Amino acid sequence: SFAVADGGAALLLGGTNVALHHAGKLTALPSPVSGTEARAYAWGNELFLMSERAVHRLRGERWEAFHSGSDITCLGFRTGEMVVGTRQGFYALNLATGRETLARQTRLPASHITSLAPTADGIWAGTPRGIFHWSAKDGIRYYASRRWLIDDAVVDVTLDRAGNVRAA
């Protein structure tokens, strides 16, 4: 897994090793999590390391615990907010304070979240049973089965520059 921040710094994960590539220099970092289930994420110029039980933020060359949770599966970002996907729904946190900004949402077409693509007006979520768009204002739009997807198992959701959603 790897993630590249806007400024060009790259967080690289391989097995149990973690490294930071920045300004032409590769620096090995201690891993704040055990096991090989960690994933790297970038938002703006910040780098994050996610495991099933925690999210850590890189500060310089040191890890800072940002959030503790359970069954964490993925992260998504939008201005000032981190959306946390789990095996039992999703919730959002303020990036500056770490406080919850959106309570855990569990009344969903499928609660095991595999990927997230937050937008200004809601959240696109990929699941093993399709994809849906959640909005506090407009409710849920759910897309699954051969009418909408070749396969219901969605492993990644992204948005292009025009705001079109892509599912893989």
# chains A, B, ... in the order shown; residues from 1 in each chain; ligands from 1
$ closest_atom_pairs --of "stretch 50-84 of chain A" --to "stretch 29-45 of chain A" --cutoff "7 Å" --atoms "only C-alpha atoms" --output "CSV"
residue,atom,partner,partner_atom,distance
A:Met50,CA,A:Arg39,CA,5.2
A:Ser51,CA,A:Ala38,CA,4.6
A:Trp63,CA,A:Pro32,CA,6.9
A:Phe77,CA,A:Trp43,CA,6.7
$ write_last_selection --atoms "C-alpha atoms" --output "mmCIF file, in the first residue's frame"
data_model
loop_
_atom_site.group_PDB
_atom_site.id
_atom_site.type_symbol
_atom_site.label_atom_id
_atom_site.label_comp_id
_atom_site.auth_asym_id
_atom_site.auth_seq_id
_atom_site.Cartn_x
_atom_site.Cartn_y
_atom_site.Cartn_z
ATOM 1 C CA MET A 50 -5.028 2.869 9.155
ATOM 2 C CA SER A 51 -5.405 -0.504 10.834
ATOM 3 C CA TRP A 63 3.277 8.841 14.400
ATOM 4 C CA PHE A 77 -11.784 12.477 3.233
#
$ closest_atom_pairs --of "stretch 40-87 of chain A" --to "stretch 122-135 of chain A" --cutoff "12 Å" --atoms "only C-alpha atoms" --output "JSON lines"
{"residue": "A:Thr73", "atom": "CA", "partner": "A:Thr127", "partner_atom": "CA", "distance": 10.6}
{"residue": "A:Cys74", "atom": "CA", "partner": "A:Ala125", "partner_atom": "CA", "distance": 10.1}
{"residue": "A:Leu75", "atom": "CA", "partner": "A:Ala125", "partner_atom": "CA", "distance": 10.5}
{"residue": "A:Gly76", "atom": "CA", "partner": "A:Ile123", "partner_atom": "CA", "distance": 8.9}
{"residue": "A:Phe77", "atom": "CA", "partner": "A:Ile123", "partner_atom": "CA", "distance": 9.8}
{"residue": "A:Arg78", "atom": "CA", "partner": "A:Ile123", "partner_atom": "CA", "distance": 9.6}
{"residue": "A:Glu81", "atom": "CA", "partner": "A:Ile123", "partner_atom": "CA", "distance": 11.8}
{"residue": "A:Met82", "atom": "CA", "partner": "A:Ile123", "partner_atom": "CA", "distance": 11.3}
{"residue": "A:Val83", "atom": "CA", "partner": "A:Ile123", "partner_atom": "CA", "distance": 8.6}
{"residue": "A:Val84", "atom": "CA", "partner": "A:Ala125", "partner_atom": "CA", "distance": 10.7}
{"residue": "A:Gly85", "atom": "CA", "partner": "A:Ala125", "partner_atom": "CA", "distance": 8.4}
{"residue": "A:Thr86", "atom": "CA", "partner": "A:Thr127", "partner_atom": "CA", "distance": 10.4}
{"residue": "A:Arg87", "atom": "CA", "partner": "A:Thr127", "partner_atom": "CA", "distance": 9.4}
$ write_last_selection --atoms "C-alpha atoms" --output "PDB file, in the first residue's frame"
ATOM      1  CA  THR A  73     -11.999  -1.101   6.948  1.00  0.00           C
ATOM      2  CA  CYS A  74     -11.320   2.136   5.034  1.00  0.00           C
ATOM      3  CA  LEU A  75     -11.058   5.923   5.163  1.00  0.00           C
ATOM      4  CA  GLY A  76     -12.397   8.737   3.021  1.00  0.00           C
ATOM      5  CA  PHE A  77     -11.784  12.477   3.233  1.00  0.00           C
ATOM      6  CA  ARG A  78     -13.522  15.746   2.476  1.00  0.00           C
ATOM      7  CA  GLU A  81     -13.433  15.664   7.794  1.00  0.00           C
ATOM      8  CA  MET A  82     -12.351  12.029   7.794  1.00  0.00           C
ATOM      9  CA  VAL A  83     -15.031   9.424   7.111  1.00  0.00           C
ATOM     10  CA  VAL A  84     -14.311   6.049   8.718  1.00  0.00           C
ATOM     11  CA  GLY A  85     -15.728   2.900   7.128  1.00  0.00           C
ATOM     12  CA  THR A  86     -16.226  -0.212   9.249  1.00  0.00           C
ATOM     13  CA  ARG A  87     -17.777  -3.661   8.988  1.00  0.00           C
TER      14      ARG A  87
END
$ residues_around --residues "A:Leu159" --least-positions-apart "2" --cutoff "12 Å" --atoms "only C-alpha atoms" --output "list of chain:residue names"
A:Gly76, A:Phe77, A:Arg78, A:Ser115, A:Leu116, A:Ala117, A:Pro118, A:Thr119, A:Ala120, A:Ile123, A:Trp124, A:Ala125, A:Asp156, A:Val157, A:Arg161, A:Ala162, A:Gly163, A:Asn164, A:Val165, A:Arg166, A:Ala167, A:Ala168
$ atom_distance --atom1 "atom CA of A:Ala23" --atom2 "atom CA of A:Ala10"
9.8 Å
$ closest_residue --among "A:Thr27, A:Thr158, A:Ser111, A:Ser1" --to "A:Asp71" --atoms "only C-alpha atoms"
A:Ser111
$ closest_residue --among "A:Glu52, A:Ile113, A:Glu61, A:Glu46" --to "A:Val18" --atoms "only C-alpha atoms"
A:Glu61
$ select_by_dssp --residues "chain A" --states "helix (DSSP H, G or I)" --output "list in words"
Ser145, Arg146, Arg147 and Trp148 of chain A
$ write_last_selection --atoms "C-alpha atoms" --output "PDB file, in the first residue's frame"
ATOM      1  CA  SER A 145     -26.866  -6.490  -9.390  1.00  0.00           C
ATOM      2  CA  ARG A 146     -26.227  -6.766 -13.108  1.00  0.00           C
ATOM      3  CA  ARG A 147     -28.434  -3.779 -13.923  1.00  0.00           C
ATOM      4  CA  TRP A 148     -25.796  -1.474 -12.424  1.00  0.00           C
TER       5      TRP A 148
END
$ atom_distance --atom1 "atom CA of A:Arg99" --atom2 "atom CA of A:Ile72"
16.5 Å
$ select_by_dssp --residues "stretch 70-143 of chain A" --states "strand (DSSP E or B)" --output "count of residues only"
47
$ atom_distance --atom1 "atom CA of A:Leu102" --atom2 "atom CA of A:Arg53"
18.8 Å
$ closest_residue --among "A:Thr114, A:Ser68, A:Thr79, A:Asn17" --to "A:Phe2" --atoms "only C-alpha atoms"
A:Asn17
$ closest_residue --among "A:Ala19, A:Val155, A:Leu108, A:Leu58" --to "A:Tyr142" --atoms "only C-alpha atoms"
A:Leu108
$ residues_around --residues "A:Ala9" --least-positions-apart "4" --cutoff "10 Å" --atoms "only C-alpha atoms" --output "list of chain:residue names"
A:Ala3, A:Val4, A:Ala5, A:Leu20, A:His21, A:His22, A:Ala23, A:Gly24, A:Lys25, A:Leu26, A:Ala42, A:Asn45, A:Glu46, A:Leu47
$ decode --residues "stretch 144-157 of chain A" --atoms "all heavy atoms" --output "mmCIF file, in the first residue's frame"
data_model
loop_
_atom_site.group_PDB
_atom_site.id
_atom_site.type_symbol
_atom_site.label_atom_id
_atom_site.label_comp_id
_atom_site.auth_asym_id
_atom_site.auth_seq_id
_atom_site.Cartn_x
_atom_site.Cartn_y
_atom_site.Cartn_z
ATOM 1 N N ALA A 144 -26.917 -2.095 -7.309
ATOM 2 C CA ALA A 144 -26.370 -3.444 -7.192
ATOM 3 C C ALA A 144 -26.948 -4.313 -8.311
ATOM 4 O O ALA A 144 -27.835 -3.882 -9.041
ATOM 5 C CB ALA A 144 -26.717 -4.046 -5.831
ATOM 6 N N SER A 145 -26.439 -5.492 -8.406
ATOM 7 C CA SER A 145 -26.866 -6.490 -9.390
ATOM 8 C C SER A 145 -26.464 -6.089 -10.805
ATOM 9 O O SER A 145 -25.933 -5.017 -11.035
ATOM 10 C CB SER A 145 -28.368 -6.743 -9.300
ATOM 11 O OG SER A 145 -28.692 -7.174 -7.996
ATOM 12 N N ARG A 146 -26.703 -6.944 -11.730
ATOM 13 C CA ARG A 146 -26.227 -6.766 -13.108
ATOM 14 C C ARG A 146 -26.792 -5.521 -13.796
ATOM 15 O O ARG A 146 -26.227 -5.040 -14.757
ATOM 16 C CB ARG A 146 -26.532 -8.003 -13.929
ATOM 17 C CG ARG A 146 -25.720 -9.182 -13.443
ATOM 18 C CD ARG A 146 -25.285 -10.015 -14.607
ATOM 19 N NE ARG A 146 -24.512 -11.125 -14.117
ATOM 20 C CZ ARG A 146 -23.208 -11.216 -14.283
ATOM 21 N NH1 ARG A 146 -22.541 -10.295 -14.907
ATOM 22 N NH2 ARG A 146 -22.573 -12.267 -13.835
ATOM 23 N N ARG A 147 -27.897 -5.009 -13.308
ATOM 24 C CA ARG A 147 -28.434 -3.779 -13.923
ATOM 25 C C ARG A 147 -27.431 -2.638 -13.803
ATOM 26 O O ARG A 147 -27.310 -1.802 -14.688
ATOM 27 C CB ARG A 147 -29.748 -3.397 -13.265
ATOM 28 C CG ARG A 147 -30.293 -2.102 -13.819
ATOM 29 C CD ARG A 147 -31.619 -1.760 -13.223
ATOM 30 N NE ARG A 147 -32.093 -0.511 -13.801
ATOM 31 C CZ ARG A 147 -33.139 0.127 -13.387
ATOM 32 N NH1 ARG A 147 -33.852 -0.355 -12.392
ATOM 33 N NH2 ARG A 147 -33.503 1.262 -13.960
ATOM 34 N N TRP A 148 -26.701 -2.591 -12.684
ATOM 35 C CA TRP A 148 -25.796 -1.474 -12.424
ATOM 36 C C TRP A 148 -24.321 -1.872 -12.409
ATOM 37 O O TRP A 148 -23.462 -1.042 -12.710
ATOM 38 C CB TRP A 148 -26.146 -0.831 -11.084
ATOM 39 C CG TRP A 148 -27.536 -0.312 -11.042
ATOM 40 C CD1 TRP A 148 -28.608 -0.892 -10.408
ATOM 41 C CD2 TRP A 148 -28.031 0.870 -11.654
ATOM 42 N NE1 TRP A 148 -29.728 -0.135 -10.596
ATOM 43 C CE2 TRP A 148 -29.410 0.961 -11.358
ATOM 44 C CE3 TRP A 148 -27.453 1.869 -12.429
ATOM 45 C CZ2 TRP A 148 -30.207 1.998 -11.795
ATOM 46 C CZ3 TRP A 148 -28.258 2.911 -12.857
ATOM 47 C CH2 TRP A 148 -29.616 2.963 -12.556
ATOM 48 N N LEU A 149 -24.014 -3.100 -12.004
ATOM 49 C CA LEU A 149 -22.624 -3.521 -11.811
ATOM 50 C C LEU A 149 -22.369 -4.880 -12.442
ATOM 51 O O LEU A 149 -23.244 -5.754 -12.436
ATOM 52 C CB LEU A 149 -22.301 -3.617 -10.313
ATOM 53 C CG LEU A 149 -22.485 -2.359 -9.478
ATOM 54 C CD1 LEU A 149 -22.361 -2.698 -7.998
ATOM 55 C CD2 LEU A 149 -21.467 -1.299 -9.869
ATOM 56 N N ILE A 150 -21.165 -5.080 -12.928
ATOM 57 C CA ILE A 150 -20.768 -6.385 -13.452
ATOM 58 C C ILE A 150 -20.704 -7.391 -12.309
ATOM 59 O O ILE A 150 -21.069 -8.543 -12.445
ATOM 60 C CB ILE A 150 -19.410 -6.288 -14.176
ATOM 61 C CG1 ILE A 150 -19.551 -5.429 -15.428
ATOM 62 C CG2 ILE A 150 -18.870 -7.669 -14.506
ATOM 63 C CD1 ILE A 150 -18.253 -5.101 -16.106
ATOM 64 N N ASP A 151 -20.212 -6.931 -11.149
ATOM 65 C CA ASP A 151 -20.085 -7.764 -9.954
ATOM 66 C C ASP A 151 -20.459 -6.896 -8.760
ATOM 67 O O ASP A 151 -20.062 -5.743 -8.683
ATOM 68 C CB ASP A 151 -18.638 -8.253 -9.836
ATOM 69 C CG ASP A 151 -18.421 -9.245 -8.718
ATOM 70 O OD1 ASP A 151 -19.080 -9.125 -7.669
ATOM 71 O OD2 ASP A 151 -17.585 -10.137 -8.878
ATOM 72 N N ASP A 152 -21.196 -7.433 -7.816
ATOM 73 C CA ASP A 152 -21.620 -6.656 -6.656
ATOM 74 C C ASP A 152 -20.475 -6.298 -5.711
ATOM 75 O O ASP A 152 -20.570 -5.328 -4.964
ATOM 76 C CB ASP A 152 -22.687 -7.417 -5.861
ATOM 77 C CG ASP A 152 -24.059 -7.300 -6.490
ATOM 78 O OD1 ASP A 152 -24.242 -6.457 -7.383
ATOM 79 O OD2 ASP A 152 -24.949 -8.055 -6.080
ATOM 80 N N ALA A 153 -19.389 -7.072 -5.700
ATOM 81 C CA ALA A 153 -18.277 -6.821 -4.787
ATOM 82 C C ALA A 153 -17.487 -5.590 -5.234
ATOM 83 O O ALA A 153 -16.716 -5.643 -6.181
ATOM 84 C CB ALA A 153 -17.368 -8.036 -4.712
ATOM 85 N N VAL A 154 -17.681 -4.477 -4.541
ATOM 86 C CA VAL A 154 -16.986 -3.226 -4.865
ATOM 87 C C VAL A 154 -15.802 -3.078 -3.917
ATOM 88 O O VAL A 154 -15.964 -3.055 -2.697
ATOM 89 C CB VAL A 154 -17.939 -2.011 -4.746
ATOM 90 C CG1 VAL A 154 -17.198 -0.706 -4.983
ATOM 91 C CG2 VAL A 154 -19.096 -2.158 -5.726
ATOM 92 N N VAL A 155 -14.600 -2.984 -4.487
ATOM 93 C CA VAL A 155 -13.391 -2.851 -3.667
ATOM 94 C C VAL A 155 -12.857 -1.420 -3.632
ATOM 95 O O VAL A 155 -12.083 -1.070 -2.746
ATOM 96 C CB VAL A 155 -12.273 -3.812 -4.130
ATOM 97 C CG1 VAL A 155 -12.694 -5.263 -3.918
ATOM 98 C CG2 VAL A 155 -11.894 -3.571 -5.570
ATOM 99 N N ASP A 156 -13.273 -0.581 -4.602
ATOM 100 C CA ASP A 156 -12.801 0.795 -4.601
ATOM 101 C C ASP A 156 -13.828 1.707 -5.261
ATOM 102 O O ASP A 156 -14.471 1.319 -6.242
ATOM 103 C CB ASP A 156 -11.463 0.915 -5.340
ATOM 104 C CG ASP A 156 -10.754 2.222 -5.063
ATOM 105 O OD1 ASP A 156 -11.088 2.902 -4.070
ATOM 106 O OD2 ASP A 156 -9.859 2.588 -5.843
ATOM 107 N N VAL A 157 -13.969 2.893 -4.712
ATOM 108 C CA VAL A 157 -14.846 3.927 -5.246
ATOM 109 C C VAL A 157 -14.028 5.197 -5.375
ATOM 110 O O VAL A 157 -13.335 5.589 -4.430
ATOM 111 C CB VAL A 157 -16.052 4.199 -4.313
ATOM 112 C CG1 VAL A 157 -16.916 5.312 -4.863
ATOM 113 C CG2 VAL A 157 -16.860 2.953 -4.103
#
